[in-house]
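Participant: Sharing a structure below in structure tokens format, with a few things to ask.
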Amino acid sequence: MAGPLRFRRSNETWTRDRVREQLLAPLDSTFGARIEEPWFRVGDDRYDAVRLEMDNGDVALFCFRPGRAYWLGNTETPETLWRTDKSTFGEAPYAISRWAQRELTARIELTDPWLAEFEYLTWFFLPVFCSKDGRDTTRRFFAEDAAGFPDATREEGLSFYEEVLRTGVLDDHRYTMASKLGTSPGYDVGRMRATMAEFNVAKILADAGLDFEPEVEQDSGHALDFDVDGHLVEVTRPEPPARRSRADHPVAAVRETGGAKRTDQLAEHPEAALFVDCTSFTDAEWSAVRGEQPGVGHEPMVVFRARPDGRIEAYRYGRLPFDLDGAIEWV
């Protein structure tokens, strides 16, 4: 499976003739390809640059100077670049990274103008929106599922995450968090909703003024979702009852999904706080959960539901090791 979009760095000298022979020619023979001039200038005048467009819709960017070149593409990598080092947008030189992101964002403005309206969301998820395998599935998720909010418009759902990402609280963890949305060619809406649950919890933690680190590897072999000032947090998100073959009542869905964590990560880390995200539930389904307030046999636990307007309701069991007042409306 391909991962999120990353640069490949070549330490060799490239010319336009070599680009045509070793990059364009193999792509042209496989897909049909052509060289185009880039839409933007690289901010470092030492670099020449080209855009390679494939007949199947793939695209690649290549900029080069004597002794250094950078390749970025959601297509087959030509063999001459197979054994090159990779770097993220944050790791590549600023001028190269800015140029490539401007090129890719401009392309989204043409192909998916509805998405480009959400500037911060588009920037944050660019590594998967333009990845080899995830470009169609990730865009489809935001277009068709309102980013996981039931009974909400696409604009309402995306506006919620635009505001979360606008704060910059996740900028340092861009590749870690964006990659969780998926670079798979398969459209797994349940997994994508579960990923957005971690963004929902990040919003709660940030709104509460807490410092946190996502995706924390443990000696047990598990990676828990957050470390919050030294306290572990694991997140899970029940599928709505209509999408479940079992546990077809919202209360049962909470118990089953939370219970599964209890026998997995939480069995190894019983001190961790469990957050159960019911954002996929409709008003009626959440009303049933809020009324009964089921537990799953683990404490501390927070069961919550976010809405596109930013309101988050929740109940809890056990004493949390950090204060969430001000970020959550307790019920």
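Ordered as shown in the structure tokens, chains take letters A, B, and onward, while each chain numbers its residues from 1 and ligands are numbered from 1 in the order shown.
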Just want the 7 Å neighbourhood of Thr75 in chain A, counted on only C-alpha atoms, with same-chain residues fewer than 6 positions away dropped. Output as a PyMOL selection string.
Facilitator: chain A and resi 58-60+132
Participant: Could you pull the residues within 12 Å of Phe226 in chain A, counting only C-alpha atoms, minus those fewer than 3 positions along the same chain, as a PyMOL selection string?
Facilitator: chain A and resi 173+176-177+198-199+201-202+205+210-218+222-223+229-235+272-275
Participant: Need to verify the contact set: Gly73 in chain A, 9 Å, only C-alpha atoms, exclusion of same-chain residues closer than 3 positions in sequence. Can you return it as an MDAnalysis selection string?
Facilitator: chainID A and resid 5:7 52 58:62 76:77 130:132
Participant: So which one's closest to Asp283 in chain A, A:Pro150, A:Gly310, A:Gly168, A:Asp219? Using only C-alpha atoms, please.
Facilitator: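 Looking at the shortest contact to Asp283 in chain A, the residue is A:Pro150.
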Participant: Fewer than 5 positions away in the same chain doesn't count, so skip those; otherwise give me all residues within 10 Å of Val164 in chain A, counting only C-alpha atoms, as a PyMOL selection string.
Facilitator: chain A and resi 120-121+158-159+169-170+199-200+202-204+206-207+310
Participant: Would you list the contacts of Pro250 in chain A as number ranges by chain, taking every protein, DNA or RNA residue within 8 Å and counting only C-alpha atoms, but skipping same-chain residues closer than 6 positions in sequence?
Facilitator: A: 240-241, 281, 285-286, 288-289
Participant: Which one is closest to Thr105 in chain A: A:Gly90, A:Pro270, A:Gly134, A:Pro127? Count only C-alpha atoms.
Facilitator: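 Under the stated criterion, the closest residue is A:Pro127.
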Participant: DSSP on the backbone, then: every residue of range 3-48 of chain A marked helix (DSSP H, G or I), written as a list in words.
Facilitator: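 The residues of range 3-48 of chain A classed as helix (DSSP H, G or I) are Arg16, Asp17, Arg18, Val19, Arg20, Glu21, Gln22, Leu23, Leu24, Ala25, Pro26, Leu27, Asp28, Ser29 and Thr30 of chain A.
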Participant: For the selection just defined, write its residues with N, CA and C atoms to a file, as a tab-separated table (two decimals), in the first residue's frame.
Facilitator:
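Output below, filename again_24.tsv:
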```tsv
chain	number	residue	atom	x	y	z
A	16	ARG	N	17.12	18.89	-18.30
A	16	ARG	CA	15.84	18.59	-18.95
A	16	ARG	C	15.95	17.39	-19.89
A	17	ASP	N	17.10	17.22	-20.52
A	17	ASP	CA	17.28	16.05	-21.39
A	17	ASP	C	17.22	14.76	-20.56
A	18	ARG	N	17.86	14.77	-19.41
A	18	ARG	CA	17.83	13.57	-18.57
A	18	ARG	C	16.42	13.32	-18.04
A	19	VAL	N	15.69	14.39	-17.70
A	19	VAL	CA	14.30	14.24	-17.26
A	19	VAL	C	13.48	13.55	-18.34
A	20	ARG	N	13.65	13.96	-19.57
A	20	ARG	CA	12.88	13.34	-20.66
A	20	ARG	C	13.25	11.86	-20.84
A	21	GLU	N	14.54	11.57	-20.70
A	21	GLU	CA	15.00	10.20	-20.96
A	21	GLU	C	14.67	9.24	-19.81
A	22	GLN	N	14.86	9.67	-18.56
A	22	GLN	CA	14.78	8.74	-17.44
A	22	GLN	C	13.51	8.88	-16.61
A	23	LEU	N	12.77	9.96	-16.78
A	23	LEU	CA	11.52	10.12	-16.05
A	23	LEU	C	10.31	10.10	-16.99
A	24	LEU	N	10.33	10.96	-17.99
A	24	LEU	CA	9.19	11.04	-18.90
A	24	LEU	C	9.02	9.75	-19.72
A	25	ALA	N	10.11	9.24	-20.27
A	25	ALA	CA	10.01	8.09	-21.18
A	25	ALA	C	9.35	6.88	-20.53
A	26	PRO	N	9.77	6.42	-19.33
A	26	PRO	CA	9.09	5.26	-18.74
A	26	PRO	C	7.64	5.54	-18.36
A	27	LEU	N	7.35	6.75	-17.93
A	27	LEU	CA	5.96	7.08	-17.59
A	27	LEU	C	5.10	7.13	-18.85
A	28	ASP	N	5.66	7.66	-19.92
A	28	ASP	CA	4.93	7.75	-21.18
A	28	ASP	C	4.62	6.36	-21.73
A	29	SER	N	5.58	5.44	-21.60
A	29	SER	CA	5.35	4.10	-22.13
A	29	SER	C	4.33	3.34	-21.31
A	30	THR	N	4.18	3.69	-20.02
A	30	THR	CA	3.24	2.99	-19.15
A	30	THR	C	1.85	3.62	-19.17
```
Participant: Nearest residue to Phe124 in chain A out of A:Ala49, A:Ala314, A:Leu181, A:Ala260, using only C-alpha atoms?
Facilitator: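 Looking only at the distances to Phe124 in chain A, the closest residue turns out to be A:Leu181.
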Participant: Just want the 9 Å neighbourhood of Pro185 in chain A, counted on only C-alpha atoms, with same-chain residues fewer than 2 positions away dropped. Output as a PyMOL selection string.
Facilitator: chain A and resi 1+132-137+182-183+187
Participant: I need the residue nearest Ala106 in chain A from this list: A:Asp55, A:Tyr161, A:Gly148, A:Phe40. Use only C-alpha atoms for the distance.
Facilitator: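 Smallest distance to Ala106 in chain A is found for A:Phe40.
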Participant: As a list of chain:residue names, please: every residue in range 51-213 of chain A that a backbone DSSP assignment puts in strand (DSSP E).
Facilitator: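 DSSP-assigned strand (DSSP E) residues in range 51-213 of chain A: A:Arg51, A:Leu52, A:Glu53, A:Met54, A:Val59, A:Ala60, A:Leu61, A:Phe62, A:Cys63, A:Phe64, A:Arg65, A:Arg68, A:Ala69, A:Tyr70, A:Trp71, A:Leu72, A:Gly73, A:Asp85, A:Lys86, A:Ser87, A:Phe212, A:Glu213.
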Participant: Which is closest to Asp112 in chain A among A:Phe89, A:Trp99, A:Phe31, A:Phe142, if we use only C-alpha atoms?
Facilitator: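 For Asp112 in chain A, the nearest of the candidates is A:Phe142.
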Participant: Can you work out the spacing between CA of Val276 in chain A and CA of Val254 in chain A in Å, to one decimal?
Facilitator: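 Between these atoms lies a distance of 7.4 Å.
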Participant: At a cut-off of 12 Å, using only C-alpha atoms, what residues contact Arg83 in chain A? Leave out same-chain residues fewer than 5 positions from it and give the result as number ranges by chain.
Facilitator: A: 8-11, 77-78
